[in-house]
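Heads up, the thing below is written out as structure tokens.
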Number of protein chains: 2
Amino acid sequence: MHRTKVRVAADVLDANDTIARANRADFDEACVRVVNLMSAPGAGKTSLLERVLADGLLRAPGDGDHSTRTPGDADERPGAMADERPGAIRVGVLEGDVQGSLDAERIAALHVPVTQLNTARGFGGECHLDANMVRSALPALALGEMDLLVIENVGNLVCPAEFRVGEDARAMIASVTEGEDKPLKYPLMFRACELVVVNKLDLLAHVDFSVEDFLANLDRVNPGVAHMLVSARTGEGVGAFAEWLAGVARREPLPA
Amino acid sequence: MHRTKVRVAADVLDANDTIARANRADFDEACVRVVNLMSAPGAGKTSLLERVLADGLLRAPGDGDHSTRTPGDADERPGAMADERPGAIRVGVLEGDVQGSLDAERIAALHVPVTQLNTARGFGGECHLDANMVRSALPALALGEMDLLVIENVGNLVCPAEFRVGEDARAMIASVTEGEDKPLKYPLMFRACELVVVNKLDLLAHVDFSVEDFLANLDRVNPGVAHMLVSARTGEGVGAFAEWLAGVARREPLPA
């Protein structure tokens, strides 16, 4: 019984990876880089995105330059590539939520193209995005108008880490209010990312959280992974996260 | 395809409910009441339990009264029932975690009998406890020595709400740091409980969280559900939560 279960699991993950590769090929074709953003509920994914978009390094496709692009034409149009306009990377957002569109509305208020993906209907798919769900959203995404797509996953420290969706890089946000033990309790999530953002730095004085202990725990499960300390509330460190996203959009090698 | 998926889901949940009823029958036979405690990662389930156990209303089986009980003998032994010793309810803890035993060690340090249940091995079962996992832990639980078993579920606001494990009551903990929108984003979790505990009240002055808005959102998804405001850090309101647990142990009707 247990063996059957494990084999089914392997099949499901294999099928997911196949679809994730198809998504990735479509994103590549459109010259769009993709970041999968993950965290526990309430760690501040949307708030951090709001701050990043206010920061100015990333911007809505309609701001300033109204040129649009279609899949495949990026290489032929000078000035259209993100790495030639480092101050104006065009960003879109795909919002994954169990239900509702509260976060999508917050992002849309910043005039950023946002597509809502609700997971409430399917069993087993409710607590995370998978490659097939993202694939179903592709027709709704104006890929030709963006350099970077940020996929905001469902708030969950377990299952999202198991499902690639076709992204170039994965970032996860941990909050100082969650405690410094989280890398040890949810190791797969902390291993399955190229960047760990420690958010809510403004609350550090008010909680029992040792940054040093957290980083030591992180080092035990994912040695050398890049990390940064930020506060989406005060804006501290948010520029560094915007730079990291811009680096992904420009296809720069990810910093260790 | 979609229809098949839904039917499988219904079968899985039916099978889970059957096992949950068997667990419940075993708990009833042992005169043990059971609370399923759920929350997002880092909301403070373990910290709150630590505070409750320090509070004194609930206690470890070994403190003061060393009598033990075996299944079925509770009704015959005067003085052994929780409702006749309201100040000394014997509590045990079942710790659900993806991996590790950090929380179990914290509870064990308070001399409370604790059993660790790790979910890392099974696919689909990783992000929550189900009835079968709890059933597998029953032989390790000294049910005869406790009046109340608190099952600390995996930190997750989605799937734990779908799986009954044989509990008498479900409580969920929301933290003020998670934002007041959470009842709308994770409605099933906020509906699937008899009590909502709002924790980290000590941080209220430092975060953008309106208790009033949170309670209005909660009322939209679960009208009239009992709630309380606590701080596991300062101890504020923890006595009320201990009283609620004691009420479950004493089989009192749950307050609306």
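In the structure tokens, the first chain shown is A, the next is B, and so on; residue numbers restart at 1 for each chain, and ligands run from 1 in the order shown.
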Nearby residues (only C-alpha atoms) at most 9 Å from region 155-161 of chain A, same-chain spacing under 3 positions excluded, as a ChimeraX atom specification: /A:38-43,45,96-98,127-130,152,164,186-193 /B:40-41,98,124,126-127,155-158
Same residues, N, CA and C atoms, saved as a short mmCIF file (atom, residue, chain, number, x, y, z; two decimals), in the first residue's frame:
data_model
loop_
_atom_site.label_atom_id
_atom_site.label_comp_id
_atom_site.auth_asym_id
_atom_site.auth_seq_id
_atom_site.Cartn_x
_atom_site.Cartn_y
_atom_site.Cartn_z
N MET A 38 7.20 32.22 -2.69
CA MET A 38 6.50 31.34 -1.74
C MET A 38 6.70 31.82 -0.30
N SER A 39 5.77 31.46 0.56
CA SER A 39 5.91 31.77 1.99
C SER A 39 4.75 31.15 2.75
N ALA A 40 4.81 31.24 4.07
CA ALA A 40 3.67 30.90 4.92
C ALA A 40 2.60 31.97 4.75
N PRO A 41 1.35 31.68 5.13
CA PRO A 41 0.32 32.72 5.06
C PRO A 41 0.71 33.93 5.92
N GLY A 42 0.55 35.12 5.35
CA GLY A 42 0.78 36.32 6.15
C GLY A 42 2.23 36.72 6.33
N ALA A 43 3.16 36.11 5.60
CA ALA A 43 4.58 36.48 5.73
C ALA A 43 4.90 37.77 5.00
N LYS A 45 4.14 38.40 1.26
CA LYS A 45 4.45 38.33 -0.18
C LYS A 45 3.86 39.54 -0.92
N GLY A 96 -1.76 33.35 -6.94
CA GLY A 96 -2.34 32.07 -6.56
C GLY A 96 -2.99 32.18 -5.19
N ASP A 97 -4.27 31.86 -5.11
CA ASP A 97 -4.97 31.90 -3.83
C ASP A 97 -5.97 30.77 -3.80
N VAL A 98 -6.27 30.27 -2.62
CA VAL A 98 -7.31 29.27 -2.48
C VAL A 98 -8.62 29.86 -3.00
N CYS A 127 -3.73 23.55 -1.86
CA CYS A 127 -2.79 24.21 -0.96
C CYS A 127 -1.53 24.69 -1.68
N HIS A 128 -1.49 24.61 -3.01
CA HIS A 128 -0.30 25.01 -3.75
C HIS A 128 -0.69 25.22 -5.22
N LEU A 129 0.19 25.89 -5.94
CA LEU A 129 0.06 25.93 -7.40
C LEU A 129 0.84 24.77 -7.98
N ASP A 130 0.35 24.19 -9.06
CA ASP A 130 1.17 23.23 -9.79
C ASP A 130 1.32 23.69 -11.24
N GLU A 152 2.87 34.57 -7.41
CA GLU A 152 2.70 34.52 -5.95
C GLU A 152 1.95 33.25 -5.61
N ARG A 164 7.36 22.40 -9.25
CA ARG A 164 7.88 23.41 -10.17
C ARG A 164 6.73 23.86 -11.05
N TYR A 186 10.57 22.99 8.23
CA TYR A 186 10.09 22.92 6.84
C TYR A 186 11.29 22.94 5.89
N PRO A 187 12.18 21.95 6.02
CA PRO A 187 13.46 22.01 5.29
C PRO A 187 13.31 22.02 3.77
N LEU A 188 12.32 21.30 3.25
CA LEU A 188 12.19 21.24 1.79
C LEU A 188 11.97 22.64 1.22
N MET A 189 11.10 23.42 1.86
CA MET A 189 10.83 24.77 1.38
C MET A 189 12.10 25.62 1.39
N PHE A 190 12.87 25.52 2.47
CA PHE A 190 14.07 26.36 2.56
C PHE A 190 15.19 25.87 1.65
N ARG A 191 15.07 24.61 1.21
CA ARG A 191 16.05 24.09 0.24
C ARG A 191 15.66 24.41 -1.19
N ALA A 192 14.34 24.53 -1.41
CA ALA A 192 13.82 24.62 -2.78
C ALA A 192 13.79 26.06 -3.28
N CYS A 193 14.75 26.87 -2.88
CA CYS A 193 14.73 28.26 -3.35
C CYS A 193 16.15 28.77 -3.51
N ALA B 40 -1.42 28.56 10.91
CA ALA B 40 -0.33 28.74 9.96
C ALA B 40 1.00 28.48 10.69
N PRO B 41 2.09 28.24 9.93
CA PRO B 41 3.39 28.07 10.59
C PRO B 41 3.74 29.32 11.39
N VAL B 98 6.10 18.04 9.88
CA VAL B 98 6.67 17.46 8.68
C VAL B 98 7.91 16.65 9.06
N GLY B 124 1.15 13.78 -0.20
CA GLY B 124 -0.22 14.23 0.04
C GLY B 124 -0.53 14.33 1.51
N GLU B 126 1.79 15.11 3.66
CA GLU B 126 2.90 15.85 4.26
C GLU B 126 2.49 17.15 4.92
N CYS B 127 1.41 17.74 4.44
CA CYS B 127 1.08 19.09 4.89
C CYS B 127 -0.03 19.11 5.93
N GLY B 155 1.62 23.03 10.68
CA GLY B 155 1.34 24.44 10.41
C GLY B 155 0.92 24.66 8.98
N ASN B 156 -0.37 24.94 8.76
CA ASN B 156 -0.91 25.03 7.40
C ASN B 156 -2.36 25.50 7.51
N LEU B 157 -2.75 26.49 6.73
CA LEU B 157 -4.12 27.00 6.81
C LEU B 157 -5.05 26.36 5.79
N VAL B 158 -4.59 25.36 5.04
CA VAL B 158 -5.45 24.78 4.02
C VAL B 158 -5.88 23.35 4.40
#
Secondary structure check, strand (DSSP E) residues of region 4-250 of chain A, as a VMD selection string: chain A and resid 33 to 39 58 to 59 89 to 97 114 to 118 148 to 152 169 to 175 195 to 199 226 to 229
Selection near region 14-18 of chain B, 12 Å with only C-alpha atoms, sequence-local residues under 4 positions removed, as a ChimeraX atom specification: /B:7-10,22-25,125,129-135,162-167
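Residues in contact with Val248 (chain A) at 9 Å, where only C-alpha atoms are counted and same-chain residues fewer than 3 positions away are skipped, are listed as Arg33, Val34, Val35, Leu148, Asp168, Ala169, Glu243, Trp244, Leu245, Arg251, Glu252, Pro253 and Leu254 of chain A.
Note that CA of Leu37 (chain A) and CA of Asn153 (chain B) are 24.6 Å apart.
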Who sits within 7 Å of Gln116 (chain A), only C-alpha atoms, same chain under 5 positions skipped, as a PDB file with C-alpha atoms, in the first residue's frame:
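Okay, part39.pdb is ready:
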ATOM      1  CA  LEU A  94       0.073  35.783 -11.315  1.00  0.00           C
ATOM      2  CA  GLU A  95      -1.771  35.532  -7.993  1.00  0.00           C
ATOM      3  CA  GLY A  96      -2.344  32.071  -6.559  1.00  0.00           C
ATOM      4  CA  SER A 101      -8.922  38.057  -5.277  1.00  0.00           C
ATOM      5  CA  ALA A 104      -4.803  40.627  -7.008  1.00  0.00           C
TER       6      ALA A 104
END
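Every protein or nucleic acid residue with an atom no more than 9 Å from Leu57 (chain B), counting only C-alpha atoms and leaving out same-chain residues fewer than 2 positions away, appears here: Val52, Leu53, Ala54, Asp55, Arg59, Pro86, Gly87, Ala88, Ile89, Gly239, Ala242, Glu243 and Ala246 of chain B.
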Same residues, N, CA and C atoms, output as a PDB file, in the first residue's frame:
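Ended up saving to selection-v5.pdb:
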ATOM      1  N   VAL B  52      -0.150  27.655  28.505  1.00  0.00           N
ATOM      2  CA  VAL B  52      -1.321  27.017  29.121  1.00  0.00           C
ATOM      3  C   VAL B  52      -0.869  26.022  30.181  1.00  0.00           C
ATOM      4  N   LEU B  53       0.162  25.268  29.876  1.00  0.00           N
ATOM      5  CA  LEU B  53       0.642  24.263  30.822  1.00  0.00           C
ATOM      6  C   LEU B  53       1.285  24.930  32.035  1.00  0.00           C
ATOM      7  N   ALA B  54       1.882  26.098  31.812  1.00  0.00           N
ATOM      8  CA  ALA B  54       2.459  26.848  32.935  1.00  0.00           C
ATOM      9  C   ALA B  54       1.353  27.452  33.798  1.00  0.00           C
ATOM     10  N   ASP B  55       0.186  27.632  33.205  1.00  0.00           N
ATOM     11  CA  ASP B  55      -0.950  28.279  33.867  1.00  0.00           C
ATOM     12  C   ASP B  55      -1.479  27.456  35.037  1.00  0.00           C
ATOM     13  N   ARG B  59      -2.485  20.065  33.619  1.00  0.00           N
ATOM     14  CA  ARG B  59      -1.205  19.642  34.183  1.00  0.00           C
ATOM     15  C   ARG B  59      -0.787  18.298  33.593  1.00  0.00           C
ATOM     16  N   PRO B  86     -11.714  19.766  38.666  1.00  0.00           N
ATOM     17  CA  PRO B  86     -11.624  20.797  37.627  1.00  0.00           C
ATOM     18  C   PRO B  86     -10.284  21.524  37.626  1.00  0.00           C
ATOM     19  N   GLY B  87      -9.565  21.502  38.727  1.00  0.00           N
ATOM     20  CA  GLY B  87      -8.300  22.229  38.765  1.00  0.00           C
ATOM     21  C   GLY B  87      -7.132  21.409  38.306  1.00  0.00           C
ATOM     22  N   ALA B  88      -7.354  20.193  37.880  1.00  0.00           N
ATOM     23  CA  ALA B  88      -6.201  19.330  37.602  1.00  0.00           C
ATOM     24  C   ALA B  88      -6.500  18.385  36.447  1.00  0.00           C
ATOM     25  N   ILE B  89      -6.725  18.960  35.312  1.00  0.00           N
ATOM     26  CA  ILE B  89      -6.997  18.138  34.137  1.00  0.00           C
ATOM     27  C   ILE B  89      -5.691  17.624  33.560  1.00  0.00           C
ATOM     28  N   GLY B 239      -5.400  32.333  30.193  1.00  0.00           N
ATOM     29  CA  GLY B 239      -6.279  31.647  31.141  1.00  0.00           C
ATOM     30  C   GLY B 239      -7.612  31.274  30.512  1.00  0.00           C
ATOM     31  N   ALA B 242      -7.108  28.251  28.429  1.00  0.00           N
ATOM     32  CA  ALA B 242      -6.987  27.081  29.310  1.00  0.00           C
ATOM     33  C   ALA B 242      -8.370  26.650  29.796  1.00  0.00           C
ATOM     34  N   GLU B 243      -9.217  27.629  30.119  1.00  0.00           N
ATOM     35  CA  GLU B 243     -10.587  27.324  30.558  1.00  0.00           C
ATOM     36  C   GLU B 243     -11.380  26.637  29.441  1.00  0.00           C
ATOM     37  N   ALA B 246     -10.220  23.159  29.230  1.00  0.00           N
ATOM     38  CA  ALA B 246     -10.749  22.420  30.383  1.00  0.00           C
ATOM     39  C   ALA B 246     -12.234  22.095  30.167  1.00  0.00           C
TER      40      ALA B 246
END
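As for CA of Gly100 (chain B) and CA of Leu195 (chain B), they are spaced 27.8 Å apart.
Proximity ranking of B:Arg21, B:Arg220, B:Arg51, B:Lys200 relative to Val238 (chain B) places B:Arg51 first, based on only C-alpha atoms.
Taking only region 125-220 of chain A, the residues that DSSP calls alpha helix (DSSP H) from the backbone come to Ala131, Asn132, Met133, Val134, Arg135, Ser136, Ala137, Lys182, Pro183, Leu184, Lys185, Pro187, Leu188, Met189, Phe190, Arg191, Val211, Glu212, Asp213, Phe214, Leu215, Ala216, Asn217, Leu218, Asp219 and Arg220 of chain A.
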